[in-house]
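start_15.pdb follows (PDB, C-alpha atoms):
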ATOM      1  CA  MET A   1       0.000   0.000   0.000
ATOM      2  CA  ASN A   2       1.532   3.293  -1.086
ATOM      3  CA  ILE A   3       0.459   6.952  -1.096
ATOM      4  CA  GLU A   4       2.057   9.958  -2.773
ATOM      5  CA  THR A   5       0.991  13.616  -2.911
ATOM      6  CA  LEU A   6       1.793  15.979  -5.768
ATOM      7  CA  LYS A   7       1.204  19.718  -5.463
ATOM      8  CA  ALA A   8       0.203  21.453  -8.695
ATOM      9  CA  LYS A   9      -0.775  24.993  -9.712
ATOM     10  CA  HIS A  10      -3.551  27.048  -8.112
ATOM     11  CA  GLY A  11      -3.313  25.106  -4.831
ATOM     12  CA  VAL A  12      -4.482  21.861  -6.438
ATOM     13  CA  GLU A  13      -3.186  18.578  -5.023
ATOM     14  CA  PHE A  14      -3.184  15.079  -6.478
ATOM     15  CA  ILE A  15      -3.055  12.124  -4.090
ATOM     16  CA  THR A  16      -2.103   8.775  -5.620
ATOM     17  CA  ILE A  17      -2.984   5.609  -3.713
ATOM     18  CA  THR A  18      -1.731   2.257  -4.980
ATOM     19  CA  ASN A  19      -2.884  -0.917  -3.270
ATOM     20  CA  ASP A  20      -1.232  -4.345  -3.254
ATOM     21  CA  VAL A  21      -3.489  -6.081  -5.797
ATOM     22  CA  GLY A  22      -3.651  -3.862  -8.878
ATOM     23  CA  LEU A  23      -5.741  -0.787  -8.053
ATOM     24  CA  GLU A  24      -4.432   2.769  -8.414
ATOM     25  CA  VAL A  25      -6.622   5.735  -7.475
ATOM     26  CA  VAL A  26      -5.633   9.366  -8.014
ATOM     27  CA  LEU A  27      -7.738  11.795  -5.984
ATOM     28  CA  SER A  28      -7.676  15.584  -6.035
ATOM     29  CA  ASN A  29      -8.699  18.287  -3.603
ATOM     30  CA  TYR A  30     -10.142  20.154  -6.603
ATOM     31  CA  GLY A  31     -13.796  19.197  -6.497
ATOM     32  CA  ALA A  32     -13.059  16.355  -4.021
ATOM     33  CA  SER A  33     -12.588  14.369  -7.195
ATOM     34  CA  ILE A  34     -11.533  11.021  -8.594
ATOM     35  CA  TYR A  35      -8.979  12.269 -11.109
ATOM     36  CA  GLN A  36      -7.772   8.919 -12.405
ATOM     37  CA  LEU A  37      -8.466   5.268 -11.653
ATOM     38  CA  LYS A  38      -6.545   2.265 -12.959
ATOM     39  CA  MET A  39      -6.740  -1.507 -12.629
ATOM     40  CA  ASP A  40      -3.606  -3.409 -13.663
ATOM     41  CA  LEU A  41      -2.398  -0.101 -15.162
ATOM     42  CA  GLU A  42      -5.460  -0.024 -17.441
ATOM     43  CA  GLU A  43      -7.623   3.117 -17.346
ATOM     44  CA  MET A  44     -11.041   2.618 -15.767
ATOM     45  CA  ILE A  45     -12.322   6.209 -16.126
ATOM     46  CA  LEU A  46     -11.828   9.075 -18.560
ATOM     47  CA  THR A  47      -9.173  11.534 -17.434
ATOM     48  CA  PRO A  48      -8.372  14.948 -18.970
ATOM     49  CA  LYS A  49      -5.019  15.005 -20.738
ATOM     50  CA  SER A  50      -3.795  18.300 -19.317
ATOM     51  CA  PHE A  51      -3.984  20.015 -15.962
ATOM     52  CA  GLU A  52      -5.672  23.045 -17.530
ATOM     53  CA  THR A  53      -8.428  20.889 -19.031
ATOM     54  CA  PHE A  54      -9.048  19.368 -15.618
ATOM     55  CA  TYR A  55      -8.915  22.717 -13.802
ATOM     56  CA  HIS A  56     -11.338  24.324 -16.266
ATOM     57  CA  ASN A  57     -13.536  21.259 -15.989
ATOM     58  CA  SER A  58     -16.748  22.038 -17.867
ATOM     59  CA  ARG A  59     -17.636  18.329 -18.247
ATOM     60  CA  TYR A  60     -17.322  17.509 -14.530
ATOM     61  CA  TYR A  61     -14.729  14.728 -15.012
ATOM     62  CA  GLY A  62     -14.647  12.856 -11.689
ATOM     63  CA  LEU A  63     -15.870  15.826  -9.650
ATOM     64  CA  THR A  64     -18.156  15.808  -6.611
ATOM     65  CA  ILE A  65     -21.351  17.597  -7.666
ATOM     66  CA  GLY A  66     -23.671  19.715  -5.504
ATOM     67  CA  ARG A  67     -25.366  21.300  -3.681
ATOM     68  CA  ILE A  68     -27.931  19.831  -6.083
ATOM     69  CA  ALA A  69     -26.783  17.376  -8.751
ATOM     70  CA  GLY A  70     -28.891  17.547 -11.893
ATOM     71  CA  ARG A  71     -31.109  20.368 -13.119
ATOM     72  CA  VAL A  72     -33.194  22.749 -11.044
ATOM     73  CA  LYS A  73     -36.003  24.075 -13.220
ATOM     74  CA  ASN A  74     -35.788  27.835 -13.789
ATOM     75  CA  ALA A  75     -33.015  27.934 -11.169
ATOM     76  CA  VAL A  76     -35.641  28.467  -8.464
ATOM     77  CA  MET A  77     -35.830  26.621  -5.142
ATOM     78  CA  ASN A  78     -38.827  27.091  -2.849
ATOM     79  CA  ILE A  79     -38.708  26.271   0.859
ATOM     80  CA  GLY A  80     -41.839  27.174   2.778
ATOM     81  CA  ASP A  81     -42.679  30.764   1.949
ATOM     82  CA  LYS A  82     -39.131  31.559   0.822
ATOM     83  CA  THR A  83     -37.904  31.535  -2.772
ATOM     84  CA  TYR A  84     -34.206  31.196  -3.572
ATOM     85  CA  GLN A  85     -32.844  32.253  -6.953
ATOM     86  CA  LEU A  86     -29.992  29.911  -7.837
ATOM     87  CA  GLU A  87     -27.354  30.464 -10.485
ATOM     88  CA  ALA A  88     -28.728  29.749 -13.982
ATOM     89  CA  ASN A  89     -25.778  28.199 -15.820
ATOM     90  CA  GLU A  90     -27.681  26.133 -18.429
ATOM     91  CA  GLY A  91     -30.240  28.334 -20.121
ATOM     92  CA  THR A  92     -32.833  29.180 -17.469
ATOM     93  CA  ASN A  93     -31.941  26.155 -15.339
ATOM     94  CA  SER A  94     -29.326  25.607 -12.664
ATOM     95  CA  LEU A  95     -27.164  22.584 -13.509
ATOM     96  CA  HIS A  96     -25.052  20.689 -10.944
ATOM     97  CA  GLY A  97     -24.980  23.561  -8.444
ATOM     98  CA  GLY A  98     -24.383  26.508 -10.761
ATOM     99  CA  PHE A  99     -21.263  28.458 -11.657
ATOM    100  CA  HIS A 100     -20.067  28.334  -8.041
ATOM    101  CA  SER A 101     -20.768  24.634  -7.553
ATOM    102  CA  ILE A 102     -18.843  22.735  -4.890
ATOM    103  CA  ALA A 103     -17.371  20.878  -7.893
ATOM    104  CA  PHE A 104     -15.165  23.886  -8.667
ATOM    105  CA  LYS A 105     -13.802  24.465  -5.165
ATOM    106  CA  LYS A 106     -10.522  23.473  -3.560
ATOM    107  CA  TRP A 107     -11.281  21.325  -0.518
ATOM    108  CA  ARG A 108      -9.228  20.788   2.646
ATOM    109  CA  THR A 109      -7.563  17.378   2.917
ATOM    110  CA  GLN A 110      -6.986  14.815   5.661
ATOM    111  CA  VAL A 111      -5.267  11.446   5.169
ATOM    112  CA  VAL A 112      -5.640   8.409   7.435
ATOM    113  CA  ASN A 113      -2.991   5.808   6.570
ATOM    114  CA  LYS A 114      -3.522   2.321   7.986
ATOM    115  CA  LYS A 115      -2.003  -1.029   7.057
ATOM    116  CA  GLU A 116      -5.345  -2.384   5.796
ATOM    117  CA  TYR A 117      -6.601   0.780   4.076
ATOM    118  CA  ILE A 118      -6.060   4.451   3.360
ATOM    119  CA  ILE A 119      -8.811   7.040   3.817
ATOM    120  CA  VAL A 120      -8.655  10.484   2.214
ATOM    121  CA  ARG A 121     -11.219  12.959   3.548
ATOM    122  CA  PHE A 122     -12.015  16.210   1.792
ATOM    123  CA  TYR A 123     -13.695  19.066   3.713
ATOM    124  CA  LEU A 124     -15.479  22.139   2.368
ATOM    125  CA  THR A 125     -17.520  24.933   3.944
ATOM    126  CA  THR A 126     -19.710  27.161   1.775
ATOM    127  CA  LYS A 127     -21.119  30.484   2.915
ATOM    128  CA  LYS A 128     -24.765  31.435   3.240
ATOM    129  CA  GLY A 129     -26.049  32.633  -0.114
ATOM    130  CA  GLU A 130     -23.224  31.072  -2.128
ATOM    131  CA  ALA A 131     -24.534  30.103  -5.590
ATOM    132  CA  GLY A 132     -27.904  31.297  -4.270
ATOM    133  CA  TYR A 133     -28.349  28.507  -1.717
ATOM    134  CA  PRO A 134     -29.544  29.103   1.842
ATOM    135  CA  GLY A 135     -27.370  28.626   4.882
ATOM    136  CA  LYS A 136     -23.746  27.918   5.595
ATOM    137  CA  CYS A 137     -23.097  24.282   4.620
ATOM    138  CA  GLU A 138     -20.335  21.875   5.611
ATOM    139  CA  TYR A 139     -19.379  18.933   3.384
ATOM    140  CA  ILE A 140     -17.165  15.897   3.918
ATOM    141  CA  VAL A 141     -16.384  13.437   1.114
ATOM    142  CA  SER A 142     -14.348  10.405   2.192
ATOM    143  CA  TYR A 143     -12.579   7.915  -0.077
ATOM    144  CA  LYS A 144     -11.373   4.583   1.289
ATOM    145  CA  VAL A 145      -8.983   2.337  -0.663
ATOM    146  CA  HIS A 146      -8.374  -1.188   0.618
ATOM    147  CA  ALA A 147      -4.915  -2.770   0.598
ATOM    148  CA  GLU A 148      -5.937  -6.305  -0.377
ATOM    149  CA  ASP A 149      -9.203  -5.728  -2.268
ATOM    150  CA  ASN A 150      -9.851  -3.699  -5.399
ATOM    151  CA  ILE A 151     -12.513  -1.626  -3.695
ATOM    152  CA  LEU A 152     -13.051   2.119  -3.572
ATOM    153  CA  GLN A 153     -15.610   3.292  -1.008
ATOM    154  CA  VAL A 154     -17.091   6.782  -0.939
ATOM    155  CA  LYS A 155     -19.003   8.432   1.891
ATOM    156  CA  TYR A 156     -20.875  11.703   1.441
ATOM    157  CA  ASP A 157     -21.834  13.789   4.448
ATOM    158  CA  ALA A 158     -23.289  17.295   4.503
ATOM    159  CA  VAL A 159     -25.026  19.452   7.084
ATOM    160  CA  CYS A 160     -26.396  22.973   6.613
ATOM    161  CA  LYS A 161     -27.296  25.687   9.101
ATOM    162  CA  GLU A 162     -30.655  26.349   7.421
ATOM    163  CA  ASP A 163     -33.358  24.234   5.806
ATOM    164  CA  THR A 164     -32.287  23.212   2.303
ATOM    165  CA  TYR A 165     -32.572  20.729  -0.517
ATOM    166  CA  ILE A 166     -29.502  18.677  -1.338
ATOM    167  CA  ALA A 167     -28.381  15.947  -3.743
ATOM    168  CA  LEU A 168     -24.716  14.973  -4.121
ATOM    169  CA  THR A 169     -22.992  12.666  -6.589
ATOM    170  CA  ASN A 170     -19.713  11.912  -8.349
ATOM    171  CA  HIS A 171     -19.467  12.527 -12.092
ATOM    172  CA  ALA A 172     -16.749  10.079 -13.207
ATOM    173  CA  TYR A 173     -17.051   8.689 -16.744
ATOM    174  CA  PHE A 174     -16.346   4.945 -16.754
ATOM    175  CA  ASN A 175     -14.639   3.124 -19.610
ATOM    176  CA  LEU A 176     -13.223  -0.142 -18.348
ATOM    177  CA  GLY A 177      -9.830  -0.798 -19.880
ATOM    178  CA  ASN A 178      -9.844   2.202 -22.226
ATOM    179  CA  ASP A 179     -12.000   0.671 -24.938
ATOM    180  CA  LYS A 180     -12.539   2.773 -28.062
ATOM    181  CA  ASP A 181     -15.991   3.534 -26.678
ATOM    182  CA  ILE A 182     -18.461   2.051 -24.198
ATOM    183  CA  LEU A 183     -20.823   0.507 -26.766
ATOM    184  CA  ASN A 184     -19.563  -3.005 -26.005
ATOM    185  CA  HIS A 185     -19.888  -2.477 -22.266
ATOM    186  CA  ARG A 186     -22.703  -4.477 -20.729
ATOM    187  CA  LEU A 187     -24.790  -2.615 -18.148
ATOM    188  CA  ARG A 188     -27.147  -3.957 -15.511
ATOM    189  CA  ILE A 189     -29.281  -1.747 -13.264
ATOM    190  CA  LYS A 190     -31.682  -3.115 -10.687
ATOM    191  CA  ALA A 191     -34.326  -0.496 -11.361
ATOM    192  CA  ASP A 192     -37.989  -0.817 -12.309
ATOM    193  CA  GLU A 193     -38.498   2.878 -13.140
ATOM    194  CA  VAL A 194     -36.769   5.492 -15.309
ATOM    195  CA  SER A 195     -37.128   9.263 -15.590
ATOM    196  CA  THR A 196     -39.120  11.209 -18.150
ATOM    197  CA  PHE A 197     -38.353  14.783 -19.173
ATOM    198  CA  ASP A 198     -39.927  18.071 -20.049
ATOM    199  CA  GLU A 199     -38.886  18.418 -23.706
ATOM    200  CA  ASN A 200     -38.583  22.195 -23.379
ATOM    201  CA  ASP A 201     -35.928  22.310 -20.678
ATOM    202  CA  PHE A 202     -34.963  18.650 -20.087
ATOM    203  CA  CYS A 203     -35.837  18.773 -16.397
ATOM    204  CA  ILE A 204     -37.109  15.513 -14.903
ATOM    205  CA  ASN A 205     -40.893  15.532 -14.639
ATOM    206  CA  GLY A 206     -41.695  11.991 -13.520
ATOM    207  CA  TYR A 207     -40.907   8.295 -13.726
ATOM    208  CA  ILE A 208     -42.310   5.431 -15.798
ATOM    209  CA  PRO A 209     -41.909   1.627 -15.614
ATOM    210  CA  VAL A 210     -39.025   0.219 -17.657
ATOM    211  CA  ASP A 211     -41.100  -2.807 -18.723
ATOM    212  CA  ASN A 212     -40.975  -3.339 -22.504
ATOM    213  CA  THR A 213     -38.862  -0.225 -23.062
ATOM    214  CA  ILE A 214     -35.307   0.461 -24.205
ATOM    215  CA  TYR A 215     -34.591   1.501 -20.603
ATOM    216  CA  ASP A 216     -34.865  -2.001 -19.176
ATOM    217  CA  PHE A 217     -31.417  -2.920 -17.842
ATOM    218  CA  ARG A 218     -32.628  -5.356 -15.208
ATOM    219  CA  GLN A 219     -30.788  -8.037 -17.168
ATOM    220  CA  PRO A 220     -27.296  -7.212 -18.483
ATOM    221  CA  LYS A 221     -27.537  -5.451 -21.845
ATOM    222  CA  LEU A 222     -24.934  -4.108 -24.258
ATOM    223  CA  LEU A 223     -25.118  -0.322 -24.370
ATOM    224  CA  LYS A 224     -25.023  -0.414 -28.166
ATOM    225  CA  LYS A 225     -28.179  -2.528 -28.385
ATOM    226  CA  ASP A 226     -30.655   0.363 -28.240
ATOM    227  CA  ILE A 227     -28.447   3.457 -28.223
ATOM    228  CA  ALA A 228     -29.376   4.293 -31.826
ATOM    229  CA  ASP A 229     -33.105   4.017 -31.119
ATOM    230  CA  LYS A 230     -34.897   7.127 -32.374
ATOM    231  CA  GLU A 231     -36.410   7.670 -28.927
ATOM    232  CA  LEU A 232     -32.917   8.465 -27.611
ATOM    233  CA  HIS A 233     -32.432  11.120 -30.293
ATOM    234  CA  SER A 234     -35.925  12.553 -30.453
ATOM    235  CA  ILE A 235     -35.199  15.892 -28.755
ATOM    236  CA  LYS A 236     -32.219  18.217 -28.934
ATOM    237  CA  TRP A 237     -31.051  17.366 -25.421
ATOM    238  CA  LEU A 238     -30.643  13.669 -26.171
ATOM    239  CA  ASN A 239     -28.076  11.706 -28.161
ATOM    240  CA  GLY A 240     -28.088   8.444 -26.252
ATOM    241  CA  TYR A 241     -28.887   7.701 -22.625
ATOM    242  CA  ASP A 242     -29.135  10.607 -20.182
ATOM    243  CA  HIS A 243     -31.661   9.178 -17.722
ATOM    244  CA  ARG A 244     -32.132   8.684 -14.001
ATOM    245  CA  PHE A 245     -33.114   5.221 -12.805
ATOM    246  CA  HIS A 246     -35.068   4.645  -9.593
ATOM    247  CA  LEU A 247     -33.142   1.854  -7.893
ATOM    248  CA  ASN A 248     -35.050  -1.041  -6.378
ATOM    249  CA  THR A 249     -34.749  -1.853  -2.690
ATOM    250  CA  ILE A 250     -32.499  -4.917  -2.562
ATOM    251  CA  PRO A 251     -30.366  -6.721   0.060
ATOM    252  CA  LYS A 252     -27.255  -4.690   0.812
ATOM    253  CA  GLU A 253     -24.973  -7.573  -0.204
ATOM    254  CA  GLU A 254     -26.274  -7.331  -3.804
ATOM    255  CA  ALA A 255     -24.852  -4.871  -6.329
ATOM    256  CA  ASN A 256     -27.293  -2.208  -7.482
ATOM    257  CA  ILE A 257     -25.398  -1.612 -10.732
ATOM    258  CA  SER A 258     -22.919  -3.670 -12.780
ATOM    259  CA  LEU A 259     -20.799  -2.740 -15.783
ATOM    260  CA  ASP A 260     -18.452  -5.031 -17.699
ATOM    261  CA  ASN A 261     -16.628  -5.178 -21.023
ATOM    262  CA  GLY A 262     -15.563  -8.810 -21.069
ATOM    263  CA  ASN A 263     -12.206  -8.089 -19.437
ATOM    264  CA  TYR A 264     -13.136  -6.095 -16.356
ATOM    265  CA  LYS A 265     -16.259  -5.815 -14.265
ATOM    266  CA  LEU A 266     -17.407  -3.047 -11.947
ATOM    267  CA  ASP A 267     -20.076  -3.692  -9.314
ATOM    268  CA  VAL A 268     -21.595  -0.679  -7.573
ATOM    269  CA  TYR A 269     -23.287  -0.899  -4.169
ATOM    270  CA  THR A 270     -25.110   2.108  -2.724
ATOM    271  CA  ASP A 271     -27.755   3.255  -0.271
ATOM    272  CA  PHE A 272     -28.731   6.086  -2.631
ATOM    273  CA  ASP A 273     -32.084   5.462  -4.319
ATOM    274  CA  SER A 274     -31.140   6.420  -7.889
ATOM    275  CA  VAL A 275     -28.426   6.428 -10.519
ATOM    276  CA  HIS A 276     -28.149   8.813 -13.460
ATOM    277  CA  VAL A 277     -26.707   7.188 -16.590
ATOM    278  CA  TYR A 278     -25.185   9.462 -19.225
ATOM    279  CA  THR A 279     -23.483   7.932 -22.264
ATOM    280  CA  ALA A 280     -21.697  11.114 -23.416
ATOM    281  CA  GLY A 281     -23.354  11.329 -26.812
ATOM    282  CA  PHE A 282     -21.823  14.643 -27.844
ATOM    283  CA  THR A 283     -18.384  15.490 -29.217
ATOM    284  CA  GLU A 284     -17.145  16.994 -25.991
ATOM    285  CA  HIS A 285     -14.362  14.754 -24.752
ATOM    286  CA  GLU A 286     -11.307  16.077 -26.563
ATOM    287  CA  MET A 287      -7.931  16.106 -24.823
ATOM    288  CA  LEU A 288      -8.327  12.907 -22.827
ATOM    289  CA  ILE A 289      -5.248  11.304 -21.349
ATOM    290  CA  THR A 290      -5.669   8.154 -23.457
ATOM    291  CA  ASP A 291      -5.994   9.819 -26.883
ATOM    292  CA  GLU A 292      -6.966  13.020 -28.632
ATOM    293  CA  ASN A 293     -10.048  11.815 -30.493
ATOM    294  CA  ASP A 294     -13.203  13.824 -30.013
ATOM    295  CA  ASP A 295     -15.600  10.885 -30.277
ATOM    296  CA  ILE A 296     -19.040  10.217 -28.839
ATOM    297  CA  TYR A 297     -19.866   7.467 -26.333
ATOM    298  CA  LYS A 298     -16.345   7.516 -24.887
ATOM    299  CA  GLY A 299     -17.570   6.971 -21.333
ATOM    300  CA  VAL A 300     -20.650   6.358 -19.226
ATOM    301  CA  THR A 301     -21.480   8.024 -15.926
ATOM    302  CA  LEU A 302     -23.033   6.088 -13.065
ATOM    303  CA  GLU A 303     -24.080   9.038 -10.903
ATOM    304  CA  CYS A 304     -25.463   7.514  -7.715
ATOM    305  CA  SER A 305     -27.557  10.150  -5.962
ATOM    306  CA  SER A 306     -30.918  11.057  -4.497
ATOM    307  CA  LEU A 307     -33.945  10.360  -6.691
ATOM    308  CA  ALA A 308     -35.013  13.970  -6.191
ATOM    309  CA  PRO A 309     -33.303  16.737  -4.220
ATOM    310  CA  GLU A 310     -33.725  15.721  -0.599
ATOM    311  CA  PHE A 311     -35.140  18.170   1.931
ATOM    312  CA  LYS A 312     -33.081  18.478   5.086
ATOM    313  CA  LYS A 313     -33.939  20.557   8.125
ATOM    314  CA  ALA A 314     -31.294  22.846   9.592
ATOM    315  CA  LYS A 315     -28.436  20.819  11.177
ATOM    316  CA  GLU A 316     -29.848  17.529   9.820
ATOM    317  CA  HIS A 317     -27.158  15.394   8.179
ATOM    318  CA  TYR A 318     -27.298  14.143   4.603
ATOM    319  CA  THR A 319     -25.234  10.915   4.574
ATOM    320  CA  TYR A 320     -24.860   8.281   1.842
ATOM    321  CA  HIS A 321     -22.392   5.643   0.690
ATOM    322  CA  VAL A 322     -21.176   4.180  -2.606
ATOM    323  CA  LYS A 323     -18.866   1.199  -3.003
ATOM    324  CA  TYR A 324     -17.087   0.449  -6.298
ATOM    325  CA  VAL A 325     -15.760  -3.102  -6.603
ATOM    326  CA  PHE A 326     -13.450  -3.827  -9.534
ATOM    327  CA  ARG A 327     -12.842  -7.375 -10.754
ATOM    328  CA  ARG A 328     -10.956  -9.057 -13.551
ATOM    329  CA  LYS A 329     -13.335 -11.213 -15.560
ATOM    330  CA  SER A 330     -10.564 -13.824 -15.729
ATOM    331  CA  ASP A 331     -10.718 -14.150 -11.930
ATOM    332  CA  GLU A 332     -14.332 -15.337 -12.161
ATOM    333  CA  ASN A 333     -13.423 -18.447 -14.155
TER     334      ASN A 333
END

Please go through the file and, once you have read it, give me the structure as structure tokens.
Amino acid sequence: MNIETLKAKHGVEFITITNDVGLEVVLSNYGASIYQLKMDLEEMILTPKSFETFYHNSRYYGLTIGRIAGRVKNAVMNIGDKTYQLEANEGTNSLHGGFHSIAFKKWRTQVVNKKEYIIVRFYLTTKKGEAGYPGKCEYIVSYKVHAEDNILQVKYDAVCKEDTYIALTNHAYFNLGNDKDILNHRLRIKADEVSTFDENDFCINGYIPVDNTIYDFRQPKLLKKDIADKELHSIKWLNGYDHRFHLNTIPKEEANISLDNGNYKLDVYTDFDSVHVYTAGFTEHEMLITDENDDIYKGVTLECSSLAPEFKKAKEHYTYHVKYVFRRKSDEN
């Protein structure tokens, strides 16, 4: 088990943790992020090629997103008789917390180094009114890497001084083994319902059953199977999957989500009640560390989060967990 810290420009740090069985995780205090993740030296997520691309991170590569992940319609949040005008950074909507999202902050860092694991905790405090949100808010995002298991655990904790809505997530784009794209990745999601959208602003307006639809991933399905279906290209906001799935309640020892490409498999366990799947269907991923091609479907996000922004009273904690378990398919034989 090894850990190294590299200090970069603008007060940004990169913390590299290498375990004893093939997993390497590079974390950063910028956005409490997963900057890079490797298994057997193979890339498992998309990583910007240059520091400047990462620092001016308009595609949220690996960043922690909040105070509200997803879109807030018309950038307006109502709590009781109070209305809060949030930052509108995507048309009239607020996306992923606005221009001053916690994703674009430098967090404080604490490292706990044990023989069996290493924990890196990132801390951030935002002021009342920042990005339009009520109340001073304190965030802790903790990453735990195990020495003898290829497991990365994430814990989210936040508490605000005033009543608020909150929904946190991580926005890493997975591509197991740096395939040309993720079309030959097989995805399974234990979810009976999927989101629908307002076609005018692409905000979520409800959920429908996945039965007999192209959104049924309850059995493993290749992402390429239905990704060209006209329904996934029917409005300007869509060019593939960009949908939130309502996760079923299952025993905690079962994975909620699985992704594999025939060589590697990722199982995701979480106590969040949803996952947002985005297959990156736009030519937006230039300057990646693995190549310079500006192709579509280079990665897929598995944004575990709250089904809808969760209301929390003042001083009430928002706490959730995600566990990523990486396996070699050859180990299963």

If the PyMOL selection byres ((chain A and resi 49-58) around 8) were run on this exact file, what residues would it hold? Put them as a list in words.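 Those residues are Tyr30, Thr47, Pro48, Arg59, Tyr60, Tyr61, Phe104, Met287, Leu288, Ile289 and Thr290 of chain A.
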
Give me, as JSON lines, the closest atom pair and its distance (Å, one decimal) for every residue of segment 7-115 of chain A within a cut-off of 8 Å of segment 139-150 of chain A, counting only C-alpha atoms, rows sorted by chain and rising number.
{"residue": "A:Ile17", "atom": "CA", "partner": "A:Val145", "partner_atom": "CA", "distance": 7.5}
{"residue": "A:Asn19", "atom": "CA", "partner": "A:Ala147", "partner_atom": "CA", "distance": 4.7}
{"residue": "A:Asp20", "atom": "CA", "partner": "A:Ala147", "partner_atom": "CA", "distance": 5.6}
{"residue": "A:Val21", "atom": "CA", "partner": "A:Glu148", "partner_atom": "CA", "distance": 6.0}
{"residue": "A:Gly22", "atom": "CA", "partner": "A:Asn150", "partner_atom": "CA", "distance": 7.1}
{"residue": "A:Leu23", "atom": "CA", "partner": "A:Asn150", "partner_atom": "CA", "distance": 5.7}
{"residue": "A:Val25", "atom": "CA", "partner": "A:Val145", "partner_atom": "CA", "distance": 8.0}
{"residue": "A:Ala32", "atom": "CA", "partner": "A:Val141", "partner_atom": "CA", "distance": 6.8}
{"residue": "A:Lys115", "atom": "CA", "partner": "A:Ala147", "partner_atom": "CA", "distance": 7.3}

Residue by residue, what does the PyMOL selection byres ((chain A and resi 107) around 7) grab here? Present the result as an NGL selection string. :A and (29-32 or 105-106 or 108-109 or 122-124)

Who sits within 9 Å of Arg327 of chain A, only C-alpha atoms, same chain under 4 positions skipped, as number ranges by chain: A: 39, 150, 263-267, 331-332

Determine the residue set returned by the PyMOL selection byres ((chain A and resi 42) around 8) for the present structure, and present it as number ranges by chain. A: 38-41, 43-44, 176-178

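Proximity ranking of A:Tyr173, A:Phe311, A:Phe282, A:Tyr133 relative to Val76 of chain A places A:Tyr133 first, based on only C-alpha atoms.
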
When distances are computed from only C-alpha atoms, which of A:Phe197, A:Phe202, A:Phe326, A:Tyr241 shows the smallest separation from Asp216 of chain A?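 For Asp216 of chain A, the nearest of the candidates is A:Tyr241.
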
Could you write segment 190-194 of chain A of the block just shown to a file containing all heavy atoms, as a PDB file, in the first residue's frame?
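Produced file decode.pdb, reproduced below:
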ATOM      1  N   LYS A 190     -30.509  -2.557 -11.361  1.00  0.00           N
ATOM      2  CA  LYS A 190     -31.682  -3.115 -10.687  1.00  0.00           C
ATOM      3  C   LYS A 190     -32.657  -1.981 -10.393  1.00  0.00           C
ATOM      4  O   LYS A 190     -32.693  -1.420  -9.298  1.00  0.00           O
ATOM      5  CB  LYS A 190     -31.250  -3.859  -9.427  1.00  0.00           C
ATOM      6  CG  LYS A 190     -30.407  -5.103  -9.758  1.00  0.00           C
ATOM      7  CD  LYS A 190     -30.002  -5.883  -8.532  1.00  0.00           C
ATOM      8  CE  LYS A 190     -29.177  -7.107  -8.930  1.00  0.00           C
ATOM      9  NZ  LYS A 190     -28.734  -7.886  -7.753  1.00  0.00           N
ATOM     10  N   ALA A 191     -33.403  -1.626 -11.436  1.00  0.00           N
ATOM     11  CA  ALA A 191     -34.326  -0.496 -11.361  1.00  0.00           C
ATOM     12  C   ALA A 191     -35.554  -0.791 -12.201  1.00  0.00           C
ATOM     13  O   ALA A 191     -35.441  -1.190 -13.361  1.00  0.00           O
ATOM     14  CB  ALA A 191     -33.655   0.774 -11.860  1.00  0.00           C
ATOM     15  N   ASP A 192     -36.718  -0.581 -11.619  1.00  0.00           N
ATOM     16  CA  ASP A 192     -37.989  -0.817 -12.309  1.00  0.00           C
ATOM     17  C   ASP A 192     -38.554   0.444 -12.943  1.00  0.00           C
ATOM     18  O   ASP A 192     -39.527   0.365 -13.694  1.00  0.00           O
ATOM     19  CB  ASP A 192     -39.036  -1.375 -11.335  1.00  0.00           C
ATOM     20  CG  ASP A 192     -38.699  -2.766 -10.837  1.00  0.00           C
ATOM     21  OD1 ASP A 192     -37.941  -3.478 -11.527  1.00  0.00           O
ATOM     22  OD2 ASP A 192     -39.186  -3.150  -9.751  1.00  0.00           O
ATOM     23  N   GLU A 193     -37.962   1.623 -12.632  1.00  0.00           N
ATOM     24  CA  GLU A 193     -38.498   2.878 -13.140  1.00  0.00           C
ATOM     25  C   GLU A 193     -37.377   3.755 -13.683  1.00  0.00           C
ATOM     26  O   GLU A 193     -36.243   3.718 -13.195  1.00  0.00           O
ATOM     27  CB  GLU A 193     -39.242   3.638 -12.042  1.00  0.00           C
ATOM     28  CG  GLU A 193     -40.508   2.953 -11.558  1.00  0.00           C
ATOM     29  CD  GLU A 193     -41.242   3.776 -10.521  1.00  0.00           C
ATOM     30  OE1 GLU A 193     -40.570   4.391  -9.666  1.00  0.00           O
ATOM     31  OE2 GLU A 193     -42.484   3.807 -10.569  1.00  0.00           O
ATOM     32  N   VAL A 194     -37.718   4.584 -14.686  1.00  0.00           N
ATOM     33  CA  VAL A 194     -36.769   5.492 -15.309  1.00  0.00           C
ATOM     34  C   VAL A 194     -37.426   6.861 -15.470  1.00  0.00           C
ATOM     35  O   VAL A 194     -38.651   6.975 -15.568  1.00  0.00           O
ATOM     36  CB  VAL A 194     -36.303   4.949 -16.675  1.00  0.00           C
ATOM     37  CG1 VAL A 194     -37.453   4.938 -17.697  1.00  0.00           C
ATOM     38  CG2 VAL A 194     -35.104   5.720 -17.212  1.00  0.00           C
TER      39      VAL A 194
END
